[in-house]
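Novice: Sharing work38.cif, mmCIF, C-alpha atoms:
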```
data_work
loop_
_atom_site.label_atom_id
_atom_site.label_comp_id
_atom_site.auth_asym_id
_atom_site.auth_seq_id
_atom_site.Cartn_x
_atom_site.Cartn_y
_atom_site.Cartn_z
CA MET A 219 14.90 83.08 99.99
CA ARG A 220 17.13 86.16 99.83
CA ASP A 221 16.63 88.75 102.57
CA MET A 222 15.12 91.74 100.75
CA GLN A 223 16.00 93.97 103.71
CA SER A 224 19.71 93.61 102.99
CA GLU A 225 21.70 96.82 102.60
CA PRO A 226 23.64 97.78 99.47
CA GLN A 227 27.40 97.33 99.45
CA ALA A 228 29.34 100.16 101.08
CA PHE A 229 31.97 102.05 99.09
CA ASP A 230 34.66 101.96 101.77
CA ARG A 231 36.74 99.32 99.95
CA VAL A 232 35.71 99.97 96.36
CA LEU A 233 38.75 101.09 94.37
CA SER A 234 38.01 99.75 90.89
CA SER A 235 34.63 101.21 89.98
CA MET A 236 33.99 104.25 87.81
CA CYS A 237 30.69 104.75 89.61
CA THR A 238 30.47 106.38 93.01
CA ASP A 239 28.24 107.22 95.94
CA PRO A 240 25.73 109.80 94.63
CA HIS A 241 25.66 113.33 95.96
CA PRO A 242 22.87 113.65 98.59
CA ALA A 243 20.90 116.05 96.36
CA ALA A 244 21.17 113.59 93.46
CA ARG A 245 20.02 110.73 95.67
CA ASP A 246 16.97 112.70 96.81
CA ALA A 247 16.05 113.77 93.27
CA ALA A 248 16.37 110.20 91.98
CA GLU A 249 13.92 108.93 94.57
CA ARG A 250 11.38 111.68 93.84
CA PHE A 251 11.39 111.08 90.06
CA LEU A 252 11.73 107.30 90.16
CA ALA A 253 8.34 106.56 88.57
CA THR A 254 8.40 109.19 85.80
CA ASN A 255 9.25 108.26 82.21
CA PRO A 256 11.25 110.71 80.07
CA GLY A 257 10.75 108.26 77.21
CA ASP A 258 7.19 109.60 76.96
CA PRO A 259 7.72 113.37 77.23
CA GLY A 260 4.17 114.19 76.21
CA THR A 261 2.80 112.43 79.28
CA TYR A 262 5.63 113.41 81.63
CA PRO A 263 6.45 117.03 80.69
CA THR A 264 8.13 117.90 84.01
CA VAL A 265 10.88 115.32 83.66
CA ALA A 266 11.13 116.14 79.93
CA THR A 267 11.92 119.73 80.87
CA LEU A 268 14.47 118.49 83.38
CA GLU A 269 16.11 116.45 80.62
CA ASP A 270 16.43 119.61 78.52
CA ASP A 271 18.10 121.24 81.53
CA ALA A 272 20.48 118.29 81.88
CA ILE A 273 21.54 118.51 78.25
CA GLU A 274 22.07 122.25 78.54
CA GLN A 275 24.32 121.73 81.55
CA LEU A 276 26.24 118.90 79.90
CA GLY A 277 26.71 121.12 76.86
CA GLU A 278 28.22 123.83 79.02
CA ILE A 279 30.61 121.32 80.58
CA ALA A 280 31.59 119.95 77.16
CA GLY A 281 31.94 123.30 75.37
CA LEU A 282 28.89 122.96 73.14
CA ASP A 283 26.52 125.86 72.42
CA ASP A 284 22.90 124.88 71.69
CA PRO A 285 23.47 121.22 72.59
CA ALA A 286 21.18 118.32 71.75
CA GLY A 287 21.08 114.79 73.09
CA TYR A 288 19.53 112.82 75.91
CA ILE A 289 20.24 111.12 79.23
CA THR A 290 21.12 107.49 78.56
CA SER A 291 21.46 104.44 80.76
CA GLY A 292 25.22 104.88 80.62
CA GLY A 293 28.26 104.99 78.39
CA THR A 294 27.45 101.75 76.60
CA GLU A 295 24.11 103.02 75.31
CA ALA A 296 25.58 106.38 74.32
CA ASN A 297 28.45 104.73 72.43
CA ILE A 298 26.08 102.36 70.62
CA GLN A 299 23.88 105.29 69.62
CA ALA A 300 26.86 107.28 68.37
CA VAL A 301 27.91 104.39 66.14
CA ARG A 302 24.30 104.04 64.99
CA ILE A 303 24.21 107.73 64.01
CA ALA A 304 27.45 107.32 62.08
CA ARG A 305 26.21 104.20 60.30
CA GLU A 306 22.94 105.83 59.24
CA ARG A 307 24.74 108.92 58.01
CA ALA A 308 27.41 107.04 56.04
CA GLY A 309 26.70 106.64 52.33
CA THR A 310 28.03 103.11 52.12
CA ARG A 311 26.75 99.57 52.52
CA THR A 312 30.00 98.49 54.20
CA PRO A 313 30.67 101.07 56.93
CA ASN A 314 33.61 100.81 59.28
CA VAL A 315 34.52 102.52 62.54
CA VAL A 316 38.13 103.15 63.60
CA MET A 317 39.00 103.14 67.29
CA PRO A 318 42.11 102.68 69.47
CA GLU A 319 42.71 99.48 71.39
CA SER A 320 42.07 101.57 74.51
CA GLY A 321 38.45 102.04 73.43
CA HIS A 322 35.68 100.75 75.66
CA PHE A 323 34.31 97.26 75.06
CA SER A 324 30.89 98.79 74.33
CA PHE A 325 32.12 99.61 70.82
CA ARG A 326 32.53 95.90 70.18
CA LYS A 327 28.91 95.46 71.21
CA ALA A 328 27.91 98.31 68.90
CA ALA A 329 29.74 96.83 65.93
CA ASP A 330 28.17 93.43 66.52
CA LEU A 331 24.65 94.78 66.96
CA LEU A 332 24.83 97.20 64.04
CA GLY A 333 26.76 95.13 61.52
CA VAL A 334 29.61 97.63 61.35
CA GLU A 335 33.24 96.66 60.81
CA LEU A 336 35.35 97.68 63.79
CA ARG A 337 38.95 98.55 62.95
CA VAL A 338 41.08 98.58 66.09
CA VAL A 339 44.39 100.47 65.93
CA PRO A 340 47.25 100.30 68.44
CA THR A 341 48.16 102.88 71.06
CA ASP A 342 51.55 104.51 71.48
CA ASP A 343 53.98 104.19 74.37
CA ASP A 344 51.86 106.63 76.38
CA HIS A 345 48.71 104.55 75.85
CA ARG A 346 47.16 107.08 73.46
CA THR A 347 45.86 106.26 70.00
CA ALA A 348 48.58 106.04 67.35
CA LEU A 349 47.68 108.71 64.79
CA GLU A 350 49.58 107.16 61.89
CA ALA A 351 47.73 103.90 62.44
CA VAL A 352 44.43 105.79 62.35
CA ARG A 353 45.41 107.51 59.11
CA ALA A 354 46.32 104.16 57.59
CA SER A 355 43.01 102.59 58.64
CA VAL A 356 40.44 105.14 57.46
CA ASP A 357 38.98 105.07 53.96
CA ASP A 358 35.90 106.14 52.02
CA ASP A 359 33.78 103.61 53.97
CA THR A 360 34.77 104.97 57.39
CA ALA A 361 31.66 106.19 59.18
CA ALA A 362 33.30 107.32 62.42
CA VAL A 363 36.64 107.84 64.09
CA ILE A 364 36.62 107.32 67.84
CA GLY A 365 38.77 109.12 70.38
CA VAL A 366 38.82 108.53 74.11
CA ALA A 367 39.02 111.36 76.64
CA GLY A 368 39.89 109.49 79.80
CA THR A 369 40.58 105.83 79.03
CA THR A 370 39.28 103.19 81.41
CA GLU A 371 42.66 101.54 81.97
CA TYR A 372 45.16 104.41 82.14
CA GLY A 373 43.11 107.62 82.18
CA ARG A 374 44.68 108.86 78.97
CA VAL A 375 43.31 111.51 76.59
CA ASP A 376 43.69 110.87 72.88
CA PRO A 377 44.79 113.71 70.53
CA ILE A 378 41.23 114.76 69.76
CA PRO A 379 41.87 117.71 67.37
CA GLU A 380 44.15 115.57 65.21
CA LEU A 381 41.58 112.78 65.15
CA GLY A 382 39.03 115.36 64.04
CA GLU A 383 41.21 116.31 61.09
CA ILE A 384 41.54 112.66 60.08
CA ALA A 385 37.79 112.12 60.36
CA ARG A 386 37.05 115.16 58.24
CA SER A 387 39.50 114.01 55.57
CA VAL A 388 37.24 111.02 54.81
CA ASP A 389 33.91 112.73 55.66
CA ALA A 390 33.48 110.63 58.81
CA LEU A 391 32.05 111.66 62.16
CA LEU A 392 34.27 112.16 65.19
CA HIS A 393 32.96 110.57 68.37
CA VAL A 394 34.61 111.26 71.72
CA ASP A 395 34.09 108.86 74.59
CA ALA A 396 34.42 111.09 77.66
CA ALA A 397 32.16 108.91 79.80
CA TRP A 398 34.53 109.02 82.77
CA GLY A 399 36.77 111.96 81.89
CA GLY A 400 34.11 114.51 81.03
CA PHE A 401 33.65 115.79 84.57
CA VAL A 402 37.36 116.20 85.35
CA LEU A 403 38.79 117.36 82.02
CA PRO A 404 37.26 120.89 82.19
CA PHE A 405 39.82 121.63 84.91
CA THR A 406 42.84 120.49 82.89
CA ASP A 407 44.72 121.80 79.86
CA TYR A 408 43.66 118.98 77.54
CA ASP A 409 41.93 119.64 74.20
CA TRP A 410 39.03 117.21 74.35
CA GLN A 411 35.64 118.84 73.78
CA PHE A 412 33.39 120.45 71.18
CA ALA A 413 35.08 123.86 71.42
CA HIS A 414 38.52 122.32 70.88
CA ALA A 415 37.87 120.12 67.85
CA PRO A 416 35.25 119.16 65.23
CA VAL A 417 33.57 116.70 67.59
CA ASP A 418 30.19 115.46 66.31
CA THR A 419 29.02 113.23 69.15
CA MET A 420 30.16 112.68 72.72
CA THR A 421 29.54 110.28 75.57
CA ILE A 422 29.68 111.95 79.00
CA ASP A 423 28.27 110.23 82.09
CA PRO A 424 26.89 112.10 85.11
CA HIS A 425 26.82 108.86 87.12
CA LYS A 426 30.62 108.61 87.09
CA MET A 427 32.63 111.65 88.21
CA GLY A 428 29.43 113.70 87.99
CA GLN A 429 28.10 112.05 91.19
CA ALA A 430 24.59 111.39 89.87
CA ALA A 431 22.67 108.22 90.69
CA VAL A 432 23.08 105.13 88.53
CA PRO A 433 21.94 104.91 85.78
CA SER A 434 22.59 108.35 84.37
CA GLY A 435 24.69 108.52 81.21
CA GLY A 436 24.76 111.16 78.53
CA LEU A 437 24.84 111.45 74.74
CA LEU A 438 25.58 114.87 73.25
CA VAL A 439 25.41 115.75 69.55
CA ARG A 440 26.71 118.90 67.91
CA SER A 441 23.62 119.33 65.73
CA PRO A 442 20.04 118.22 66.51
CA ASP A 443 19.65 116.79 63.02
CA LEU A 444 22.12 114.04 63.96
CA LEU A 445 19.40 112.65 66.24
CA ASP A 446 17.08 112.31 63.23
CA ALA A 447 19.04 109.18 62.27
CA LEU A 448 17.81 107.57 65.50
CA ALA A 449 14.17 108.66 65.44
CA VAL A 450 11.30 106.19 65.12
CA ASP A 451 7.56 106.88 65.09
CA THR A 452 5.72 106.30 68.37
CA PRO A 453 2.04 106.29 67.37
CA TYR A 454 0.56 105.20 70.71
CA LEU A 455 2.42 107.74 72.86
CA GLU A 456 1.50 111.37 73.37
CA SER A 457 4.79 112.28 71.65
CA THR A 458 5.10 111.31 67.98
CA ALA A 459 8.74 110.20 67.71
CA GLN A 460 11.56 108.88 69.87
CA ALA A 461 15.33 108.89 69.30
CA THR A 462 16.42 106.95 72.39
CA LEU A 463 17.47 103.31 72.46
CA THR A 464 15.81 102.05 75.62
CA GLY A 465 12.46 103.80 75.22
CA THR A 466 10.96 103.70 78.69
CA ARG A 467 13.46 105.13 81.17
CA SER A 468 13.21 106.11 84.80
CA GLY A 469 13.27 109.83 85.42
CA ALA A 470 15.58 109.11 88.35
CA GLY A 471 18.67 109.38 86.17
CA VAL A 472 17.54 112.64 84.60
CA ALA A 473 16.57 114.31 87.87
CA SER A 474 19.65 113.16 89.74
CA ALA A 475 21.94 114.42 86.96
CA VAL A 476 20.38 117.87 87.11
CA ALA A 477 20.51 117.93 90.90
CA ALA A 478 24.18 116.91 90.99
CA MET A 479 25.23 119.43 88.36
CA ASP A 480 23.22 122.20 90.03
CA GLU A 481 25.05 121.51 93.28
CA LEU A 482 28.56 120.96 91.95
CA TRP A 483 29.19 122.72 88.60
CA PRO A 484 31.72 124.20 88.38
CA ASP A 485 33.38 124.86 91.74
CA GLY A 486 32.39 121.61 93.45
CA TYR A 487 33.64 119.53 90.54
CA ARG A 488 36.87 121.54 90.44
CA ARG A 489 37.52 120.86 94.13
CA GLN A 490 36.70 117.20 93.63
CA TYR A 491 39.06 116.92 90.66
CA VAL A 492 41.92 118.46 92.66
CA ARG A 493 41.24 116.12 95.58
CA SER A 494 41.03 113.01 93.38
CA GLN A 495 44.14 113.93 91.40
CA ASN A 496 46.09 114.57 94.60
CA ASN A 497 45.00 111.16 95.88
CA ALA A 498 46.10 109.50 92.64
CA ASP A 499 49.48 111.25 92.77
CA TRP A 500 49.92 110.24 96.42
CA LEU A 501 49.12 106.60 95.68
CA ALA A 502 51.38 106.50 92.62
CA ASP A 503 54.24 107.91 94.69
CA ALA A 504 53.61 105.40 97.49
CA LEU A 505 53.66 102.48 95.05
CA GLU A 506 56.78 103.74 93.28
CA LYS A 507 58.60 104.02 96.63
CA ARG A 508 57.78 100.35 97.19
CA GLY A 509 59.46 99.38 93.96
CA TYR A 510 56.46 99.01 91.66
CA GLU A 511 56.41 100.35 88.12
CA VAL A 512 53.57 102.87 87.91
CA ALA A 513 52.00 104.55 84.87
CA ASP A 514 52.00 108.33 85.29
CA PRO A 515 48.51 109.25 86.59
CA THR A 516 47.67 112.05 84.18
CA LEU A 517 44.06 111.83 85.42
CA PRO A 518 42.86 110.35 88.75
CA LEU A 519 43.59 106.72 87.82
CA VAL A 520 46.58 104.63 88.89
CA ALA A 521 47.97 101.52 87.17
CA ALA A 522 50.90 99.58 88.68
CA ASP A 523 52.62 96.24 88.09
CA VAL A 524 51.58 94.58 91.37
CA PRO A 525 52.08 90.79 91.12
CA ARG A 526 49.07 88.52 90.66
CA SER A 527 49.64 86.78 94.01
CA THR A 528 49.61 90.11 95.86
CA PHE A 529 46.59 91.29 93.87
CA ASP A 530 44.68 88.14 94.81
CA ALA A 531 45.62 88.52 98.48
CA LEU A 532 44.35 92.11 98.49
CA ARG A 533 41.09 90.94 96.94
CA ALA A 534 40.83 88.31 99.68
CA LYS A 535 41.04 91.14 102.23
CA GLY A 536 37.94 92.69 100.69
CA TRP A 537 39.48 95.33 98.44
CA ARG A 538 37.47 95.73 95.24
CA ILE A 539 40.28 96.17 92.72
CA SER A 540 40.72 95.26 89.07
CA ARG A 541 43.45 94.74 86.49
CA THR A 542 44.24 96.29 83.12
CA GLY A 543 44.24 94.17 79.99
CA THR A 544 47.99 93.67 80.43
CA GLY A 545 47.67 92.63 84.06
CA GLU A 546 48.47 95.75 86.09
CA LEU A 547 46.65 96.71 89.25
CA ARG A 548 44.12 99.44 88.42
CA ILE A 549 42.72 101.90 90.98
CA VAL A 550 40.31 104.73 90.16
CA CYS A 551 40.31 107.65 92.58
CA MET A 552 36.59 108.37 92.51
CA PRO A 553 34.88 110.92 94.79
CA HIS A 554 34.26 108.30 97.48
CA VAL A 555 37.94 107.32 97.62
CA THR A 556 39.62 109.09 100.53
CA ARG A 557 43.27 109.42 101.51
CA GLU A 558 42.46 107.30 104.56
CA MET A 559 41.16 104.50 102.32
CA LEU A 560 44.29 104.60 100.22
CA ALA A 561 46.54 104.62 103.29
CA SER A 562 44.68 101.58 104.63
CA PHE A 563 45.11 99.86 101.26
CA VAL A 564 48.85 100.59 101.20
CA GLY A 565 49.08 99.34 104.80
CA ASP A 566 47.56 96.01 103.78
CA LEU A 567 49.92 95.89 100.82
CA ASP A 568 52.91 96.42 103.13
CA ARG A 569 51.78 93.68 105.51
CA LEU A 570 51.35 91.26 102.63
CA GLU A 571 54.80 92.06 101.25
CA VAL A 572 56.42 91.61 104.69
CA ARG A 573 54.68 88.26 105.08
CA ALA A 574 55.81 87.19 101.62
CA SER A 575 59.43 88.10 102.40
CA VAL A 576 59.61 86.09 105.66
CA PRO A 577 61.42 82.79 104.98
CA VAL A 578 59.49 79.61 105.67
CA ALA A 579 61.01 77.58 108.52
CA SER A 580 62.68 74.35 107.46
CA ASP A 581 61.60 70.97 108.84
CA ASP A 582 65.27 69.94 109.13
#
```
Show me this structure written as structure tokens.
Specialist:
Amino acid sequence: MRDMQSEPQAFDRVLSSMCTDPHPAARDAAERFLATNPGDPGTYPTVATLEDDAIEQLGEIAGLDDPAGYITSGGTEANIQAVRIARERAGTRTPNVVMPESGHFSFRKAADLLGVELRVVPTDDDHRTALEAVRASVDDDTAAVIGVAGTTEYGRVDPIPELGEIARSVDALLHVDAAWGGFVLPFTDYDWQFAHAPVDTMTIDPHKMGQAAVPSGGLLVRSPDLLDALAVDTPYLESTAQATLTGTRSGAGVASAVAAMDELWPDGYRRQYVRSQNNADWLADALEKRGYEVADPTLPLVAADVPRSTFDALRAKGWRISRTGTGELRIVCMPHVTREMLASFVGDLDRLEVRASVPVASDD
């Protein structure tokens, strides 16, 4: 029988995850609200009020006045719900959604669950969606155009305003997946949010760069009436309707999101972005000096062409790393990733490369 007193995995060698060690205030809030259910706001009004606060704060971060939405289980749920909104709004029996190949795999789940055609377009040489391919793919049955603000493989930001123009040309919604990027992009010059473009819906996750406890995702909508497409009657609850997907949810995610944002927005997040970006730039430079081809880390994410054998050896040393779809090493400089961790990682990489370069003695 498994020892239920075992401790959770430490973050000291985790370099691939887009989740992180929660802020202490978020951890405390999650524990206090663990048993509350924001899915039944009539019975649990305190956590329902906290959820309103969370959406207000997310709206401020994402440039949206009078925001609406809710705290989801994560980016997957928010992306599914955004596609569901688009499908219900579209006046066609054969809706399609257009997204770049850099889009998150949750959109494939959404298309499968909702019976929507998913049209995947290529990215350009900088790993951003190819606008001409998007223009060629949309039509009168397009329900939504998807842009990514902080891709999971290269940290790229799609040209969101231009995607908004394309979406409007066919009366489609524009959805922006800023699940990871939403808490770093406010401190950059990118055009990515509601104030920059005709964005209708957005995914933005406090449990990633926002340092809230898992699970704590976010779905924002420009207009509250967009949530009407999701609403179902809830006759046995104290509230009369519900627009969420999961229904019963722990208040831990809601409370921890509010606690983290109260502590860190905006100055704490700004300092964290600068620190993470500096770490990504340092690592990219270190890898380039060792002869690896590295994608320019425009956000705190590094991708490099480290060979499979070296990658596997680093994994064997306990480093939690991952690869892009085309096989590159992928490292995300999350808040828990320190310069010391990265230096230790590069040290292991150097020792492996030295060992690989030593000739094997002959038996002759």
Novice: For the file shown, what are the residues hit by the PyMOL selection byres ((chain A and resi 373) around 10), laid out as an MDAnalysis selection string?
Specialist: chainID A and resid 320 345:346 366:372 374:376 398:399 513:521 550
Novice: Translate the PyMOL selection byres ((chain A and resi 525-542) around 6) into a concrete residue list for this structure, as number ranges by chain.
Specialist: A: 231-234, 371, 524, 543-548
Novice: Go through range 227-300 of chain A and flag each residue having an atom no more than 9 Å from range 480-500 of chain A; for those, report the closest pair of atoms plus their distance in Å to one decimal, using all atoms listed in the file, ordered by chain and rising number, as JSON lines.
Specialist:
```
{"residue": "A:His241", "atom": "CA", "partner": "A:Glu481", "partner_atom": "CA", "distance": 8.6}
{"residue": "A:Ala243", "atom": "CA", "partner": "A:Glu481", "partner_atom": "CA", "distance": 7.5}
{"residue": "A:Ala244", "atom": "CA", "partner": "A:Glu481", "partner_atom": "CA", "distance": 8.8}
{"residue": "A:Gln275", "atom": "CA", "partner": "A:Asp480", "partner_atom": "CA", "distance": 8.6}
{"residue": "A:Ile279", "atom": "CA", "partner": "A:Trp483", "partner_atom": "CA", "distance": 8.3}
```
Novice: Report, in Å with one decimal, the straight-line distance from CA of Thr310 in chain A to CA of Pro285 in chain A.
Specialist: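 According to the coordinates, CA of Thr310 in chain A and CA of Pro285 in chain A are separated by 27.7 Å.
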Novice: Using all atoms listed in the file, which protein or nucleic acid residues come within 6 Å of range 254-263 of chain A? Drop anything in the same chain fewer than 2 positions from it, and give the result as a ChimeraX atom specification.
Specialist: /A:251-252,265-266,456-457,465-469
Novice: Please compute the CA of Gly400 in chain A-CA of Pro242 in chain A distance, one decimal, in Å.
Specialist: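 Straight-line distance from CA of Gly400 in chain A to CA of Pro242 in chain A works out to 20.9 Å.
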Novice: Could you check which of A:Pro416, A:Gly309, A:Gly382, A:Gly292 is closest to Ser441 in chain A, using only C-alpha atoms?
Specialist: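 Counting only C-alpha atoms, the residue closest to Ser441 in chain A is A:Pro416.
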